[in-house]
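I have placed the structure first, in the form of structure tokens, so that the comments after it can refer back to it.
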Amino acid sequence: MRVELPAPRLKGEMSVEEAINLRKSVRKYREEPLTLEMLSQLLWAAYGMNAWGKRTSPSAGACYPFEVYLAVSKVEGLKPGLYHYDGEAHAIELVREGDINKPLAKACLGQRHVETAPINIIIVAHYERTTRRYGERGYRYVHIDSGHMGQNIYLQATALGLGTVAVGAFIDEEVKKLLKVPGEPLYIFPVGVPAG
């Protein structure tokens, strides 16, 4: 199943400066679903296409070493499941039905916010896309690139009145076994409406 996402808004109500000032890590979320528009905006900010036909987050040598997956628990109009984001088409493709947040949280050393978030954005690295050009130095560039994407997610979540937190503490093999997709899981961002 393929879902075309609503076009992202290119002008928001909050300035970049305000989003930077208000950005914080949020680990408690309300029992509220996200809208498809919110999801669209978050994914576009993470790894969509900008006005120059490039990704919204920079990449060393334009190697773009990531695939973005989405563990959906509560999004209006979407079945719970694991989805893959196609940034060029601005669409998501269902990989597998079913809410995986509970086992994902277990693989993340029991971090409850991973379980309770309406979505988890999962960044999966394909190091070879960068190392074939830059050799061993490419590993560093991939990690730098993931930081760019992470900040975009934080700032966009803040501008939408949502909360997120960067999760890097997880058991790699357990996350890989759960996702059953190629590449190395690198970063997980639970996102939801902040509680309190």
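In the structure tokens, the first chain shown is A, the next is B, and so on; residue numbers restart at 1 for each chain, and ligands run from 1 in the order shown.
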
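Residues surrounding segment 132-134 of chain A within 12 Å are A:Ala60, A:Gly61, A:Ala62, A:Cys63, A:Tyr64, A:Pro65, A:His126, A:Tyr127, A:Glu128, A:Arg129, A:Arg137, A:Gly138, A:Tyr139, A:Arg140, A:Tyr141, A:Val142 [only C-alpha atoms; sequence separation below 3 positions excluded].
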
Write a file of the just-selected residues containing C-alpha atoms, as a short mmCIF file (atom, residue, chain, number, x, y, z; two decimals), in the first residue's frame.
data_model
loop_
_atom_site.label_atom_id
_atom_site.label_comp_id
_atom_site.auth_asym_id
_atom_site.auth_seq_id
_atom_site.Cartn_x
_atom_site.Cartn_y
_atom_site.Cartn_z
CA ALA A 60 28.66 14.92 2.34
CA GLY A 61 29.23 14.71 -1.41
CA ALA A 62 25.45 14.41 -1.93
CA CYS A 63 25.78 10.67 -1.16
CA TYR A 64 22.52 10.58 0.85
CA PRO A 65 23.27 7.43 2.84
CA HIS A 126 23.75 2.58 4.25
CA TYR A 127 27.39 3.41 4.96
CA GLU A 128 28.60 2.09 1.62
CA ARG A 129 26.91 4.97 -0.22
CA ARG A 137 36.32 8.89 6.52
CA GLY A 138 32.84 8.26 5.14
CA TYR A 139 31.73 6.70 8.43
CA ARG A 140 32.28 10.04 10.14
CA TYR A 141 30.40 11.86 7.39
CA VAL A 142 27.38 9.55 7.74
#

Give me the segment 143-164 of chain A side of the contact with segment 184-190 of chain A, cut-off 9 Å, one line per residue showing its nearest atom pair and distance in Å at one decimal, counting only C-alpha atoms, sorted by chain and residue number, as a Markdown table.
| residue | atom | partner | partner_atom | distance |
| --- | --- | --- | --- | --- |
| A:His143 | CA | A:Leu186 | CA | 8.5 |
| A:Ser146 | CA | A:Tyr187 | CA | 7.7 |
| A:Gly150 | CA | A:Phe189 | CA | 8.0 |
| A:Ile153 | CA | A:Phe189 | CA | 8.0 |
| A:Tyr154 | CA | A:Phe189 | CA | 8.8 |
| A:Gly163 | CA | A:Pro190 | CA | 8.3 |
| A:Thr164 | CA | A:Pro190 | CA | 5.6 |

Residue selection dump (all heavy atoms) as an mmCIF file, in the first residue's frame:
data_model
loop_
_atom_site.group_PDB
_atom_site.id
_atom_site.type_symbol
_atom_site.label_atom_id
_atom_site.label_comp_id
_atom_site.auth_asym_id
_atom_site.auth_seq_id
_atom_site.Cartn_x
_atom_site.Cartn_y
_atom_site.Cartn_z
ATOM 1 N N HIS A 143 27.659 9.928 10.129
ATOM 2 C CA HIS A 143 27.201 10.337 11.464
ATOM 3 C C HIS A 143 26.928 11.840 11.525
ATOM 4 O O HIS A 143 25.951 12.272 12.162
ATOM 5 C CB HIS A 143 28.216 9.914 12.522
ATOM 6 C CG HIS A 143 28.365 8.424 12.595
ATOM 7 N ND1 HIS A 143 29.512 7.812 13.025
ATOM 8 C CD2 HIS A 143 27.503 7.419 12.267
ATOM 9 C CE1 HIS A 143 29.348 6.507 12.975
ATOM 10 N NE2 HIS A 143 28.151 6.246 12.510
ATOM 11 N N SER A 146 23.616 12.436 9.816
ATOM 12 C CA SER A 146 22.451 12.056 10.621
ATOM 13 C C SER A 146 22.110 13.154 11.634
ATOM 14 O O SER A 146 20.941 13.365 11.946
ATOM 15 C CB SER A 146 22.671 10.710 11.321
ATOM 16 O OG SER A 146 23.609 10.824 12.369
ATOM 17 N N GLY A 150 18.569 14.971 12.207
ATOM 18 C CA GLY A 150 17.983 14.999 13.540
ATOM 19 C C GLY A 150 17.571 16.398 13.963
ATOM 20 O O GLY A 150 16.493 16.593 14.536
ATOM 21 N N ILE A 153 14.381 17.388 12.280
ATOM 22 C CA ILE A 153 13.219 16.755 12.917
ATOM 23 C C ILE A 153 12.849 17.501 14.192
ATOM 24 O O ILE A 153 11.682 17.813 14.429
ATOM 25 C CB ILE A 153 13.488 15.259 13.192
ATOM 26 C CG1 ILE A 153 13.612 14.492 11.870
ATOM 27 C CG2 ILE A 153 12.387 14.661 14.075
ATOM 28 C CD1 ILE A 153 14.160 13.076 12.013
ATOM 29 N N TYR A 154 13.852 17.812 15.019
ATOM 30 C CA TYR A 154 13.599 18.560 16.256
ATOM 31 C C TYR A 154 12.928 19.909 15.975
ATOM 32 O O TYR A 154 11.944 20.274 16.609
ATOM 33 C CB TYR A 154 14.921 18.828 16.981
ATOM 34 C CG TYR A 154 15.234 17.912 18.138
ATOM 35 C CD1 TYR A 154 16.219 16.941 18.015
ATOM 36 C CD2 TYR A 154 14.586 18.041 19.361
ATOM 37 C CE1 TYR A 154 16.547 16.113 19.078
ATOM 38 C CE2 TYR A 154 14.906 17.223 20.429
ATOM 39 C CZ TYR A 154 15.884 16.259 20.291
ATOM 40 O OH TYR A 154 16.198 15.450 21.355
ATOM 41 N N GLY A 163 6.523 17.199 20.187
ATOM 42 C CA GLY A 163 7.760 16.943 20.912
ATOM 43 C C GLY A 163 8.435 15.696 20.387
ATOM 44 O O GLY A 163 7.777 14.778 19.887
ATOM 45 N N THR A 164 9.754 15.667 20.503
ATOM 46 C CA THR A 164 10.543 14.501 20.106
ATOM 47 C C THR A 164 11.781 14.422 20.979
ATOM 48 O O THR A 164 12.098 15.360 21.709
ATOM 49 C CB THR A 164 10.931 14.550 18.613
ATOM 50 O OG1 THR A 164 11.487 13.293 18.225
ATOM 51 C CG2 THR A 164 11.939 15.662 18.315
#

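One finds atom CA of Thr116 of chain A at 8.5 Å from atom CA of Arg30 of chain A.
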
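For segment 29-132 of chain A, backbone-based DSSP labels the following residues as strand (DSSP E): A:Phe66, A:Glu67, A:Val68, A:Tyr69, A:Leu70, A:Ala71, A:Val72, A:Gly81, A:Leu82, A:Tyr83, A:His84, A:Tyr85, A:Asp86, A:Ala91, A:Ile92, A:Glu93, A:Leu94, A:Val95, A:Arg96, A:Glu97, A:Ile119, A:Asn120, A:Ile121, A:Ile122, A:Ile123, A:Val124, A:Ala125.
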
Would you save the residues of that selection, restricted to N, CA and C atoms, as an mmCIF file, in the first residue's frame?
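Listing of selection34.cif after writing:
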data_model
loop_
_atom_site.group_PDB
_atom_site.id
_atom_site.type_symbol
_atom_site.label_atom_id
_atom_site.label_comp_id
_atom_site.auth_asym_id
_atom_site.auth_seq_id
_atom_site.Cartn_x
_atom_site.Cartn_y
_atom_site.Cartn_z
ATOM 1 N N PHE A 66 20.960 7.493 3.696
ATOM 2 C CA PHE A 66 19.902 7.034 4.594
ATOM 3 C C PHE A 66 18.660 6.541 3.873
ATOM 4 N N GLU A 67 17.947 5.665 4.579
ATOM 5 C CA GLU A 67 16.560 5.347 4.271
ATOM 6 C C GLU A 67 15.799 5.676 5.545
ATOM 7 N N VAL A 68 14.613 6.234 5.389
ATOM 8 C CA VAL A 68 13.814 6.650 6.527
ATOM 9 C C VAL A 68 12.585 5.744 6.625
ATOM 10 N N TYR A 69 12.412 5.174 7.810
ATOM 11 C CA TYR A 69 11.264 4.313 8.090
ATOM 12 C C TYR A 69 10.427 4.952 9.191
ATOM 13 N N LEU A 70 9.198 4.531 9.255
ATOM 14 C CA LEU A 70 8.246 5.124 10.172
ATOM 15 C C LEU A 70 7.450 4.014 10.841
ATOM 16 N N ALA A 71 7.565 3.923 12.160
ATOM 17 C CA ALA A 71 6.727 2.997 12.928
ATOM 18 C C ALA A 71 5.503 3.784 13.363
ATOM 19 N N VAL A 72 4.359 3.475 12.754
ATOM 20 C CA VAL A 72 3.109 4.192 13.023
ATOM 21 C C VAL A 72 2.274 3.417 14.030
ATOM 22 N N GLY A 81 1.650 0.305 11.501
ATOM 23 C CA GLY A 81 2.580 -0.530 10.750
ATOM 24 C C GLY A 81 3.914 0.149 10.551
ATOM 25 N N LEU A 82 4.783 -0.533 9.840
ATOM 26 C CA LEU A 82 6.091 0.003 9.467
ATOM 27 C C LEU A 82 6.003 0.485 8.033
ATOM 28 N N TYR A 83 6.399 1.730 7.809
ATOM 29 C CA TYR A 83 6.350 2.353 6.488
ATOM 30 C C TYR A 83 7.743 2.815 6.081
ATOM 31 N N HIS A 84 7.973 2.889 4.776
ATOM 32 C CA HIS A 84 9.207 3.453 4.215
ATOM 33 C C HIS A 84 8.850 4.780 3.560
ATOM 34 N N TYR A 85 9.669 5.797 3.815
ATOM 35 C CA TYR A 85 9.439 7.119 3.228
ATOM 36 C C TYR A 85 10.228 7.284 1.946
ATOM 37 N N ASP A 86 9.534 7.637 0.882
ATOM 38 C CA ASP A 86 10.155 7.961 -0.404
ATOM 39 C C ASP A 86 10.161 9.477 -0.514
ATOM 40 N N ALA A 91 6.008 10.263 -0.475
ATOM 41 C CA ALA A 91 4.993 9.237 -0.238
ATOM 42 C C ALA A 91 5.566 8.204 0.718
ATOM 43 N N ILE A 92 4.683 7.462 1.357
ATOM 44 C CA ILE A 92 5.122 6.356 2.210
ATOM 45 C C ILE A 92 4.553 5.051 1.666
ATOM 46 N N GLU A 93 5.308 4.001 1.862
ATOM 47 C CA GLU A 93 4.930 2.667 1.399
ATOM 48 C C GLU A 93 4.874 1.754 2.618
ATOM 49 N N LEU A 94 3.763 1.033 2.749
ATOM 50 C CA LEU A 94 3.623 0.097 3.860
ATOM 51 C C LEU A 94 4.581 -1.076 3.658
ATOM 52 N N VAL A 95 5.442 -1.294 4.636
ATOM 53 C CA VAL A 95 6.365 -2.429 4.607
ATOM 54 C C VAL A 95 5.697 -3.637 5.258
ATOM 55 N N ARG A 96 5.025 -3.346 6.398
ATOM 56 C CA ARG A 96 4.401 -4.426 7.157
ATOM 57 C C ARG A 96 3.363 -3.839 8.104
ATOM 58 N N GLU A 97 2.191 -4.458 8.168
ATOM 59 C CA GLU A 97 1.135 -4.005 9.085
ATOM 60 C C GLU A 97 1.448 -4.407 10.516
ATOM 61 N N ILE A 119 4.216 7.987 16.651
ATOM 62 C CA ILE A 119 5.123 7.539 15.579
ATOM 63 C C ILE A 119 6.551 7.485 16.100
ATOM 64 N N ASN A 120 7.352 6.677 15.449
ATOM 65 C CA ASN A 120 8.805 6.678 15.631
ATOM 66 C C ASN A 120 9.430 6.781 14.249
ATOM 67 N N ILE A 121 10.208 7.833 14.045
ATOM 68 C CA ILE A 121 10.956 7.979 12.792
ATOM 69 C C ILE A 121 12.275 7.244 12.993
ATOM 70 N N ILE A 122 12.561 6.308 12.109
ATOM 71 C CA ILE A 122 13.754 5.460 12.249
ATOM 72 C C ILE A 122 14.685 5.716 11.067
ATOM 73 N N ILE A 123 15.888 6.171 11.388
ATOM 74 C CA ILE A 123 16.889 6.475 10.364
ATOM 75 C C ILE A 123 17.807 5.267 10.214
ATOM 76 N N VAL A 124 17.864 4.742 9.003
ATOM 77 C CA VAL A 124 18.688 3.565 8.710
ATOM 78 C C VAL A 124 19.801 3.986 7.752
ATOM 79 N N ALA A 125 21.040 3.717 8.144
ATOM 80 C CA ALA A 125 22.214 4.126 7.355
ATOM 81 C C ALA A 125 22.658 3.023 6.400
#

Inset, instruction - Using atom CA of Tyr29 of chain A and atom CA of Met14 of chain A as the two end points, give the distance in Å to one decimal. - result: 21.2 Å

Legend entry - Surrounding residues of Phe170 of chain A excluding itself and chain neighbours under 5 positions, 6 Å, only C-alpha atoms, as a ChimeraX atom specification: /A:107-109

Legend entry - All residues 8 Å or closer to segment 40-57 of chain A, only C-alpha atoms, same chain fewer than 5 positions away omitted, as a ChimeraX atom specification: /A:5-9,68,85-88,90,145,148-150,152-153,156-157

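One distance worth recording is that between atom CA of Ile20 of chain A and atom CA of Ser59 of chain A, which is 21.2 Å.
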
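The nearest approach to Glu37 of chain A among the residues A:Lys24, A:Leu78, A:Met1, A:Thr131, with only C-alpha atoms taken into account, belongs to A:Leu78.
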
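The shortest atom-to-atom distance to Glu17 of chain A, with only C-alpha atoms taken into account, belongs to A:Ala159 out of A:Ala159, A:Val3, A:Val114, A:Ile144.
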
Legend entry - Filtered DSSP result for segment 13-176 of chain A, state helix (DSSP H, G or I), as a PyMOL selection string: chain A and resi 16-22+36-47+60-62+101-107+112-116+128-134+137-159+172-176

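Nearest to Lys79 of chain A of all the residues A:Ala105, A:Leu36, A:Val167, A:Leu10 is A:Leu36, counting only C-alpha atoms.
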